[in-house]
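One file, coords-v2.pdb, is given below (PDB, C-alpha atoms).
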```pdb
ATOM      1  CA  MET X  28      60.251  27.043  30.882
ATOM      2  CA  THR X  29      62.122  30.297  30.899
ATOM      3  CA  GLN X  30      63.864  32.219  33.634
ATOM      4  CA  THR X  31      62.680  31.618  37.149
ATOM      5  CA  ASN X  32      62.096  34.173  39.839
ATOM      6  CA  GLN X  33      63.017  33.799  43.477
ATOM      7  CA  PRO X  34      61.280  30.693  44.836
ATOM      8  CA  THR X  35      59.845  32.903  47.620
ATOM      9  CA  ALA X  36      57.526  34.511  45.079
ATOM     10  CA  THR X  37      55.082  31.611  45.418
ATOM     11  CA  SER X  38      54.364  32.521  49.008
ATOM     12  CA  GLU X  39      53.720  36.124  48.081
ATOM     13  CA  ARG X  40      50.108  35.689  47.163
ATOM     14  CA  GLU X  41      49.621  39.050  45.554
ATOM     15  CA  PHE X  42      51.242  41.152  42.901
ATOM     16  CA  VAL X  43      50.507  44.794  42.350
ATOM     17  CA  LEU X  44      50.982  46.735  39.165
ATOM     18  CA  SER X  45      50.447  50.497  39.059
ATOM     19  CA  ARG X  46      50.733  53.066  36.306
ATOM     20  CA  THR X  47      49.594  56.640  35.683
ATOM     21  CA  PHE X  48      47.872  57.222  32.366
ATOM     22  CA  ASN X  49      47.611  60.620  30.746
ATOM     23  CA  ALA X  50      43.829  60.411  30.415
ATOM     24  CA  PRO X  51      40.783  61.400  32.485
ATOM     25  CA  ARG X  52      39.339  58.725  34.757
ATOM     26  CA  ASP X  53      36.007  58.480  32.918
ATOM     27  CA  LEU X  54      37.789  57.577  29.716
ATOM     28  CA  VAL X  55      39.942  54.947  31.411
ATOM     29  CA  TRP X  56      36.830  53.496  33.014
ATOM     30  CA  GLN X  57      35.125  53.313  29.620
ATOM     31  CA  ALA X  58      38.131  51.484  28.205
ATOM     32  CA  TRP X  59      37.500  48.758  30.795
ATOM     33  CA  SER X  60      33.760  48.515  30.516
ATOM     34  CA  SER X  61      32.790  47.885  26.892
ATOM     35  CA  ALA X  62      33.661  45.272  24.290
ATOM     36  CA  GLU X  63      34.245  47.963  21.692
ATOM     37  CA  HIS X  64      37.114  49.399  23.739
ATOM     38  CA  LEU X  65      38.477  46.178  25.221
ATOM     39  CA  LYS X  66      38.917  44.678  21.775
ATOM     40  CA  GLN X  67      41.421  47.420  21.021
ATOM     41  CA  TRP X  68      43.833  46.761  23.862
ATOM     42  CA  TRP X  69      43.139  43.739  26.089
ATOM     43  CA  GLY X  70      45.176  41.168  24.166
ATOM     44  CA  PRO X  71      48.966  41.150  24.374
ATOM     45  CA  THR X  72      50.951  42.989  21.684
ATOM     46  CA  GLY X  73      50.313  41.412  18.300
ATOM     47  CA  TRP X  74      47.214  39.546  19.501
ATOM     48  CA  THR X  75      43.585  40.202  18.619
ATOM     49  CA  LEU X  76      40.412  39.699  20.602
ATOM     50  CA  PRO X  77      38.011  37.970  18.163
ATOM     51  CA  VAL X  78      35.586  37.037  20.953
ATOM     52  CA  CYS X  79      34.543  39.521  23.620
ATOM     53  CA  ARG X  80      31.155  38.944  25.276
ATOM     54  CA  ILE X  81      30.733  41.267  28.183
ATOM     55  CA  ASP X  82      27.921  41.649  30.690
ATOM     56  CA  PHE X  83      29.293  44.534  32.713
ATOM     57  CA  ARG X  84      27.425  44.329  36.000
ATOM     58  CA  VAL X  85      27.917  42.705  39.385
ATOM     59  CA  GLY X  86      27.218  39.007  38.910
ATOM     60  CA  GLY X  87      27.798  39.342  35.178
ATOM     61  CA  THR X  88      30.568  37.652  33.252
ATOM     62  CA  TRP X  89      32.998  38.535  30.514
ATOM     63  CA  VAL X  90      34.173  35.865  28.082
ATOM     64  CA  TYR X  91      37.019  36.628  25.732
ATOM     65  CA  CYS X  92      39.380  34.870  23.375
ATOM     66  CA  MET X  93      42.842  36.199  22.701
ATOM     67  CA  LYS X  94      44.225  35.102  19.368
ATOM     68  CA  GLY X  95      47.921  35.212  18.699
ATOM     69  CA  PRO X  96      50.557  34.154  16.204
ATOM     70  CA  GLU X  97      49.908  30.833  14.415
ATOM     71  CA  ASP X  98      46.260  31.009  15.495
ATOM     72  CA  MET X  99      47.162  30.268  19.092
ATOM     73  CA  GLU X 100      44.121  30.895  21.266
ATOM     74  CA  ALA X 101      43.809  31.687  24.942
ATOM     75  CA  TRP X 102      40.321  31.949  26.413
ATOM     76  CA  GLY X 103      39.416  33.691  29.624
ATOM     77  CA  LYS X 104      36.293  34.241  31.677
ATOM     78  CA  ALA X 105      35.878  36.927  34.281
ATOM     79  CA  TYR X 106      33.195  36.969  36.971
ATOM     80  CA  TYR X 107      32.427  40.506  38.122
ATOM     81  CA  ARG X 108      32.281  40.712  41.894
ATOM     82  CA  GLU X 109      32.239  44.432  42.551
ATOM     83  CA  LEU X 110      31.817  47.483  40.319
ATOM     84  CA  VAL X 111      32.114  50.991  41.744
ATOM     85  CA  ARG X 112      31.933  53.427  38.880
ATOM     86  CA  PRO X 113      34.413  55.000  38.123
ATOM     87  CA  GLU X 114      36.659  53.814  40.939
ATOM     88  CA  LYS X 115      36.933  50.082  41.226
ATOM     89  CA  ILE X 116      36.453  46.781  39.407
ATOM     90  CA  VAL X 117      36.803  43.448  41.189
ATOM     91  CA  TYR X 118      36.572  40.206  39.263
ATOM     92  CA  LEU X 119      37.638  36.598  39.370
ATOM     93  CA  ASP X 120      39.941  35.700  36.476
ATOM     94  CA  THR X 121      39.688  32.123  35.176
ATOM     95  CA  PHE X 122      41.083  30.135  32.282
ATOM     96  CA  ILE X 123      38.554  28.384  30.063
ATOM     97  CA  ASP X 124      38.434  26.415  26.829
ATOM     98  CA  ALA X 125      36.393  27.349  23.748
ATOM     99  CA  ASP X 126      33.324  25.670  25.328
ATOM    100  CA  GLU X 127      33.607  28.011  28.316
ATOM    101  CA  LYS X 128      34.605  25.113  30.541
ATOM    102  CA  GLN X 129      37.172  26.010  33.160
ATOM    103  CA  ILE X 130      40.495  24.349  32.417
ATOM    104  CA  GLU X 131      41.217  21.942  35.226
ATOM    105  CA  GLY X 132      44.401  22.573  37.083
ATOM    106  CA  THR X 133      44.460  26.296  36.383
ATOM    107  CA  PRO X 134      44.208  28.776  39.251
ATOM    108  CA  GLU X 135      41.413  31.276  39.866
ATOM    109  CA  ILE X 136      42.893  34.699  40.411
ATOM    110  CA  LEU X 137      41.069  37.569  42.119
ATOM    111  CA  ILE X 138      41.770  40.859  40.353
ATOM    112  CA  THR X 139      41.102  44.280  41.849
ATOM    113  CA  VAL X 140      41.555  47.289  39.585
ATOM    114  CA  GLU X 141      41.413  50.742  41.143
ATOM    115  CA  PHE X 142      41.089  54.015  39.256
ATOM    116  CA  ALA X 143      42.350  57.193  40.988
ATOM    117  CA  GLU X 144      42.199  60.621  39.327
ATOM    118  CA  VAL X 145      44.881  63.221  40.006
ATOM    119  CA  ASP X 146      45.057  66.463  37.981
ATOM    120  CA  GLY X 147      43.284  65.008  34.981
ATOM    121  CA  LYS X 148      45.479  61.920  34.938
ATOM    122  CA  THR X 149      44.486  58.475  36.110
ATOM    123  CA  THR X 150      46.503  56.135  38.262
ATOM    124  CA  LEU X 151      45.491  52.564  37.683
ATOM    125  CA  THR X 152      46.411  49.941  40.262
ATOM    126  CA  SER X 153      45.830  46.296  39.495
ATOM    127  CA  ARG X 154      46.155  43.692  42.233
ATOM    128  CA  ALA X 155      46.214  39.999  41.427
ATOM    129  CA  LEU X 156      45.553  37.768  44.395
ATOM    130  CA  PHE X 157      46.615  34.200  43.734
ATOM    131  CA  PRO X 158      45.416  31.207  45.678
ATOM    132  CA  SER X 159      47.763  30.345  48.552
ATOM    133  CA  ALA X 160      50.795  28.265  47.640
ATOM    134  CA  GLU X 161      48.984  25.275  49.167
ATOM    135  CA  ASP X 162      45.815  25.888  47.158
ATOM    136  CA  LEU X 163      47.843  26.431  44.051
ATOM    137  CA  LYS X 164      49.647  23.163  44.584
ATOM    138  CA  ALA X 165      46.352  21.377  45.191
ATOM    139  CA  THR X 166      44.918  22.899  42.032
ATOM    140  CA  ILE X 167      47.870  21.729  40.020
ATOM    141  CA  GLU X 168      47.642  18.259  41.510
ATOM    142  CA  MET X 169      43.967  18.046  40.733
ATOM    143  CA  GLY X 170      44.739  19.043  37.172
ATOM    144  CA  MET X 171      47.347  16.308  36.945
ATOM    145  CA  GLU X 172      44.937  13.673  38.109
ATOM    146  CA  HIS X 173      42.823  14.644  35.159
ATOM    147  CA  GLY X 174      45.764  14.436  32.844
ATOM    148  CA  MET X 175      45.767  18.142  32.243
ATOM    149  CA  ASN X 176      49.499  18.604  32.426
ATOM    150  CA  GLU X 177      49.553  19.576  28.782
ATOM    151  CA  THR X 178      47.279  22.479  29.553
ATOM    152  CA  TRP X 179      49.700  23.846  32.069
ATOM    153  CA  ASP X 180      52.475  23.337  29.564
ATOM    154  CA  ARG X 181      50.516  25.223  26.920
ATOM    155  CA  LEU X 182      49.806  28.070  29.302
ATOM    156  CA  ALA X 183      53.464  28.153  30.250
ATOM    157  CA  GLU X 184      54.379  28.266  26.563
ATOM    158  CA  LEU X 185      51.948  31.072  25.917
ATOM    159  CA  LEU X 186      53.339  33.054  28.814
ATOM    160  CA  ALA X 187      56.904  32.337  27.728
ATOM    161  CA  ASP X 188      56.036  33.586  24.233
ATOM    162  CA  LEU X 189      54.696  36.760  25.735
ATOM    163  CA  GLN X 190      57.972  37.334  27.510
ATOM    164  CA  ALA X 191      60.058  36.778  24.393
TER     165      ALA X 191
ATOM    166  CA  MET L  18      58.396  11.023  31.361
ATOM    167  CA  ILE L  19      56.939  11.965  34.735
ATOM    168  CA  THR L  20      56.976  15.680  35.664
ATOM    169  CA  ALA L  21      57.813  17.347  38.962
ATOM    170  CA  TYR L  22      54.117  18.068  39.486
ATOM    171  CA  GLU L  23      53.217  14.427  39.018
ATOM    172  CA  ALA L  24      55.953  13.393  41.418
ATOM    173  CA  LEU L  25      54.464  15.750  43.985
ATOM    174  CA  ALA L  26      50.984  14.316  43.621
ATOM    175  CA  GLU L  27      51.941  11.234  45.639
ATOM    176  CA  PRO L  28      51.491  11.887  49.401
ATOM    177  CA  THR L  29      54.474   9.787  50.548
ATOM    178  CA  ARG L  30      56.749  11.674  48.217
ATOM    179  CA  ARG L  31      55.502  14.981  49.629
ATOM    180  CA  ARG L  32      56.292  13.682  53.124
ATOM    181  CA  ILE L  33      59.773  12.722  52.004
ATOM    182  CA  LEU L  34      60.301  16.233  50.650
ATOM    183  CA  ASP L  35      59.027  17.742  53.908
ATOM    184  CA  LEU L  36      61.570  15.658  55.830
ATOM    185  CA  LEU L  37      64.371  16.588  53.445
ATOM    186  CA  LEU L  38      63.422  20.227  53.763
ATOM    187  CA  GLU L  39      64.660  20.020  57.377
ATOM    188  CA  HIS L  40      68.026  18.529  56.430
ATOM    189  CA  PRO L  41      69.552  15.833  54.218
ATOM    190  CA  ARG L  42      68.782  12.256  55.355
ATOM    191  CA  THR L  43      69.731   8.675  54.610
ATOM    192  CA  VAL L  44      67.381   5.993  53.316
ATOM    193  CA  ASN L  45      67.465   4.306  56.745
ATOM    194  CA  GLU L  46      66.354   7.507  58.477
ATOM    195  CA  LEU L  47      63.501   7.985  56.026
ATOM    196  CA  THR L  48      62.481   4.342  56.401
ATOM    197  CA  GLU L  49      62.239   4.724  60.187
ATOM    198  CA  LEU L  50      60.499   8.091  60.143
ATOM    199  CA  LEU L  51      57.891   7.032  57.607
ATOM    200  CA  GLY L  52      57.443   3.472  58.853
ATOM    201  CA  MET L  53      57.759   2.051  55.377
ATOM    202  CA  SER L  54      59.857  -0.642  53.801
ATOM    203  CA  GLN L  55      63.296   0.311  52.553
ATOM    204  CA  PRO L  56      62.562  -0.775  48.958
ATOM    205  CA  GLY L  57      59.392   1.350  48.998
ATOM    206  CA  ILE L  58      61.293   4.445  50.111
ATOM    207  CA  SER L  59      64.019   3.775  47.566
ATOM    208  CA  LYS L  60      61.433   3.606  44.821
ATOM    209  CA  HIS L  61      59.994   6.995  45.773
ATOM    210  CA  LEU L  62      63.480   8.468  46.028
ATOM    211  CA  ARG L  63      64.244   7.232  42.544
ATOM    212  CA  VAL L  64      61.171   9.040  41.157
ATOM    213  CA  LEU L  65      62.090  12.215  43.012
ATOM    214  CA  ARG L  66      65.630  12.037  41.646
ATOM    215  CA  GLU L  67      64.358  11.473  38.119
ATOM    216  CA  VAL L  68      62.377  14.706  38.180
ATOM    217  CA  GLY L  69      65.247  16.543  39.823
ATOM    218  CA  LEU L  70      63.548  17.308  43.154
ATOM    219  CA  VAL L  71      66.065  15.271  45.139
ATOM    220  CA  GLN L  72      69.750  14.608  44.668
ATOM    221  CA  ALA L  73      72.055  12.044  46.295
ATOM    222  CA  ARG L  74      75.427  12.788  47.802
ATOM    223  CA  GLN L  75      77.863  10.122  48.878
ATOM    224  CA  ASP L  76      80.299  10.645  51.747
ATOM    225  CA  ALA L  77      82.755   8.160  53.260
ATOM    226  CA  GLN L  78      80.126   6.164  55.134
ATOM    227  CA  ARG L  79      76.709   7.034  53.838
ATOM    228  CA  ARG L  80      74.573   8.132  50.950
ATOM    229  CA  TRP L  81      72.643  11.314  51.739
ATOM    230  CA  TYR L  82      69.502  12.482  49.991
ATOM    231  CA  GLU L  83      68.873  16.215  49.809
ATOM    232  CA  LEU L  84      66.208  18.545  48.445
ATOM    233  CA  ARG L  85      66.699  20.313  45.152
ATOM    234  CA  PRO L  86      64.041  23.036  44.948
ATOM    235  CA  GLU L  87      64.644  24.260  41.382
ATOM    236  CA  PRO L  88      61.697  22.429  39.729
ATOM    237  CA  LEU L  89      59.345  24.106  42.196
ATOM    238  CA  ALA L  90      60.500  27.420  40.789
ATOM    239  CA  GLU L  91      58.634  26.554  37.569
ATOM    240  CA  ILE L  92      55.433  27.558  39.298
ATOM    241  CA  ASP L  93      57.016  30.900  40.006
ATOM    242  CA  ALA L  94      58.011  31.226  36.372
ATOM    243  CA  TRP L  95      54.387  30.732  35.435
ATOM    244  CA  LEU L  96      53.264  33.434  37.855
ATOM    245  CA  GLY L  97      55.989  35.700  36.482
ATOM    246  CA  GLY L  98      54.566  35.213  33.002
ATOM    247  CA  TYR L  99      51.112  36.189  34.221
ATOM    248  CA  ARG L 100      52.549  39.355  35.671
ATOM    249  CA  HIS L 101      54.248  40.144  32.399
ATOM    250  CA  LEU L 102      50.950  39.728  30.565
ATOM    251  CA  TRP L 103      49.564  42.517  32.741
ATOM    252  CA  GLU L 104      52.503  44.782  32.005
ATOM    253  CA  GLN L 105      51.914  44.315  28.281
ATOM    254  CA  ARG L 106      48.246  45.029  28.782
ATOM    255  CA  PHE L 107      49.067  48.336  30.471
ATOM    256  CA  ASN L 108      51.387  49.234  27.585
ATOM    257  CA  ARG L 109      48.628  48.706  25.076
ATOM    258  CA  LEU L 110      46.059  50.533  27.191
ATOM    259  CA  GLU L 111      48.409  53.513  27.402
ATOM    260  CA  GLN L 112      48.791  53.588  23.634
ATOM    261  CA  TYR L 113      45.068  53.158  23.097
ATOM    262  CA  LEU L 114      44.147  55.983  25.473
ATOM    263  CA  ASN L 115      46.614  58.260  23.717
ATOM    264  CA  ASP L 116      45.143  57.347  20.334
ATOM    265  CA  LEU L 117      41.605  57.954  21.550
ATOM    266  CA  GLN L 118      42.442  61.401  22.859
ATOM    267  CA  GLU L 119      44.369  62.393  19.774
ATOM    268  CA  LYS L 120      41.445  61.344  17.644
ATOM    269  CA  GLU L 121      39.087  63.371  19.799
ATOM    270  CA  GLN L 122      41.284  66.427  19.414
ATOM    271  CA  THR L 123      41.530  66.000  15.646
ATOM    272  CA  ASP L 124      37.755  65.646  15.452
ATOM    273  CA  HIS L 125      37.314  68.969  17.251
ATOM    274  CA  ASP L 126      40.019  70.698  15.302
ATOM    275  CA  PRO L 127      38.517  72.848  12.514
ATOM    276  CA  ASP L 128      41.600  72.354  10.325
TER     277      ASP L 128
END
```
Transcribe the structure of this file into structure tokens.
Amino acid sequence: MTQTNQPTATSEREFVLSRTFNAPRDLVWQAWSSAEHLKQWWGPTGWTLPVCRIDFRVGGTWVYCMKGPEDMEAWGKAYYRELVRPEKIVYLDTFIDADEKQIEGTPEILITVEFAEVDGKTTLTSRALFPSAEDLKATIEMGMEHGMNETWDRLAELLADLQA
Amino acid sequence: MITAYEALAEPTRRRILDLLLEHPRTVNELTELLGMSQPGISKHLRVLREVGLVQARQDAQRRWYELRPEPLAEIDAWLGGYRHLWEQRFNRLEQYLNDLQEKEQTDHDPD
């Protein structure tokens, strides 16, 4: 794997990313709530989103496939937990295979996205809450018991590619 | 080739790492603390050394085993990659929102 961060990062269960976009809040909200929009930006640079099935309501799910160089695929499934239009989206982020089966040994990450409007601009804050270091370790161990090490390796490769 | 994660899956090996987290120890100390046979402990230590989680250091009288946390940092690398994915996502969203608004303006522009 590539460069490592401080080992303490594992115990910090949350990371927060915030940015102000030069766009009204309603538009930013729309960009998050329909397949038509998400297909245009959700995948990493150079990737497409050939699959994007979204049921945008509390209790609904969103299944997507990101397709990258050399036909590399990464599937994800989100479970919407809370939707407060146009202020907040809370969902559980999971890693799945093409059959929508959760990949064993991968963590479930709770994402909270908040939309705040100031003077016609929108500040977006995304929080990713990881399982505790203990839970994460247990998840990884469970994955190993099922011989899913390769999956972790593939995910690590994908993420390393993204950083290149 | 066994990985660090696989090495960690074994409970006795996790207990060894917990004990080494406190300070370096000898095989005899570990044998007493864990109530296991010396060959058994040695076997686990060998696995832990193979994956790089433990290293041995020899002084005049004894051989000390100490923790080497670097492989655990791989998990952090993975989390770092996930974070980076989000940064890229925000970059693309920014570009997309700009494009959308430009398009809207062009559509309303009589020229």
Residues within 9 Å of range 65-73 of chain X, all atoms listed in the file, excluding chain neighbours under 2 positions, as an mmCIF file with C-alpha atoms, keeping the file's coordinate frame:
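Saved result, selection.cif, follows:
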```cif
data_model
loop_
_atom_site.group_PDB
_atom_site.id
_atom_site.type_symbol
_atom_site.label_atom_id
_atom_site.label_comp_id
_atom_site.auth_asym_id
_atom_site.auth_seq_id
_atom_site.Cartn_x
_atom_site.Cartn_y
_atom_site.Cartn_z
ATOM 1 C CA ALA X 58 38.131 51.484 28.205
ATOM 2 C CA TRP X 59 37.500 48.758 30.795
ATOM 3 C CA SER X 60 33.760 48.515 30.516
ATOM 4 C CA SER X 61 32.790 47.885 26.892
ATOM 5 C CA ALA X 62 33.661 45.272 24.290
ATOM 6 C CA GLU X 63 34.245 47.963 21.692
ATOM 7 C CA THR X 75 43.585 40.202 18.619
ATOM 8 C CA LEU X 76 40.412 39.699 20.602
ATOM 9 C CA PRO X 77 38.011 37.970 18.163
ATOM 10 C CA VAL X 78 35.586 37.037 20.953
ATOM 11 C CA CYS X 79 34.543 39.521 23.620
ATOM 12 C CA CYS X 92 39.380 34.870 23.375
ATOM 13 C CA MET X 93 42.842 36.199 22.701
ATOM 14 C CA LYS X 94 44.225 35.102 19.368
ATOM 15 C CA GLY X 95 47.921 35.212 18.699
ATOM 16 C CA PRO X 96 50.557 34.154 16.204
ATOM 17 C CA LEU X 189 54.696 36.760 25.735
ATOM 18 C CA LEU L 102 50.950 39.728 30.565
ATOM 19 C CA TRP L 103 49.564 42.517 32.741
ATOM 20 C CA GLN L 105 51.914 44.315 28.281
ATOM 21 C CA ARG L 106 48.246 45.029 28.782
ATOM 22 C CA PHE L 107 49.067 48.336 30.471
ATOM 23 C CA ASN L 108 51.387 49.234 27.585
ATOM 24 C CA ARG L 109 48.628 48.706 25.076
ATOM 25 C CA LEU L 110 46.059 50.533 27.191
ATOM 26 C CA GLU L 111 48.409 53.513 27.402
ATOM 27 C CA GLN L 112 48.791 53.588 23.634
ATOM 28 C CA TYR L 113 45.068 53.158 23.097
#
```
Check your understanding: CA of Glu49 in chain L to CA of Gly69 in chain L: how many Å, to one decimal?
Key -> 23.7 Å
Check your understanding: From the set X:Arg108, X:Arg46, X:Lys128, X:Arg52, which residue has the shortest atom-to-atom contact distance to chain L, counting only C-alpha atoms?
Key -> X:Arg46
Exercise for review: Give me, please, the distance in Å between CA of Ile116 in chain X and CA of Glu141 in chain X, quoted to one decimal.
Suggested key: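 A separation of 6.6 Å between them.
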Hits from the PyMOL selection byres ((chain X and resi 55) around 9), listed as a compact mmCIF listing (two decimals) with C-alpha atoms, in the coordinates of the input:
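Just written: selection_6.txt:
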```txt
# COMPACT_ATOMS: atom_id res chain seq x y z
CA PHE X 48 47.87 57.22 32.37
CA ALA X 50 43.83 60.41 30.42
CA PRO X 51 40.78 61.40 32.48
CA ARG X 52 39.34 58.72 34.76
CA ASP X 53 36.01 58.48 32.92
CA LEU X 54 37.79 57.58 29.72
CA TRP X 56 36.83 53.50 33.01
CA GLN X 57 35.12 53.31 29.62
CA ALA X 58 38.13 51.48 28.20
CA TRP X 59 37.50 48.76 30.80
CA SER X 60 33.76 48.52 30.52
CA PRO X 113 34.41 55.00 38.12
CA PHE X 142 41.09 54.02 39.26
CA THR X 149 44.49 58.48 36.11
CA LEU X 151 45.49 52.56 37.68
CA LEU L 110 46.06 50.53 27.19
CA LEU L 114 44.15 55.98 25.47
```
**Study point:** Between CA of Gly147 in chain X and CA of Leu117 in chain L - distance in Å to one decimal
**Key:** 15.3 Å
**Study point:** Residue nearest chain X - candidates L:Arg32, L:His125, L:Arg100, L:Arg74, atoms counted: all atoms listed in the file
**Key:**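 Closest to chain X of all the choices is L:Arg100.
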Check your understanding: Which is closer to chain X than all the others in L:Lys60, L:Leu25, L:Leu51, L:Leu65, using all atoms listed in the file?
Key ->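 Selected residue with least distance to chain X: L:Leu25.
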Point to revise | Counting only C-alpha atoms, the option among X:Lys115, X:His64, X:Lys104, X:Arg80 closest to chain L | key: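 Residue with the minimum atom-to-atom distance to chain L: X:His64.
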Review point. Of the residues X:Val43, X:Val90, X:Ile130, X:Leu137, which is the one nearest to chain L, using all atoms listed in the file?
Key: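 Under the stated criterion, the closest residue is X:Val43.
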Review point. So which one's closest to chain X, L:Glu67, L:Asp126, L:Glu87, L:Glu121? Using only C-alpha atoms, please.
Key: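 Ranked by minimum distance to chain X, first place goes to L:Glu87.
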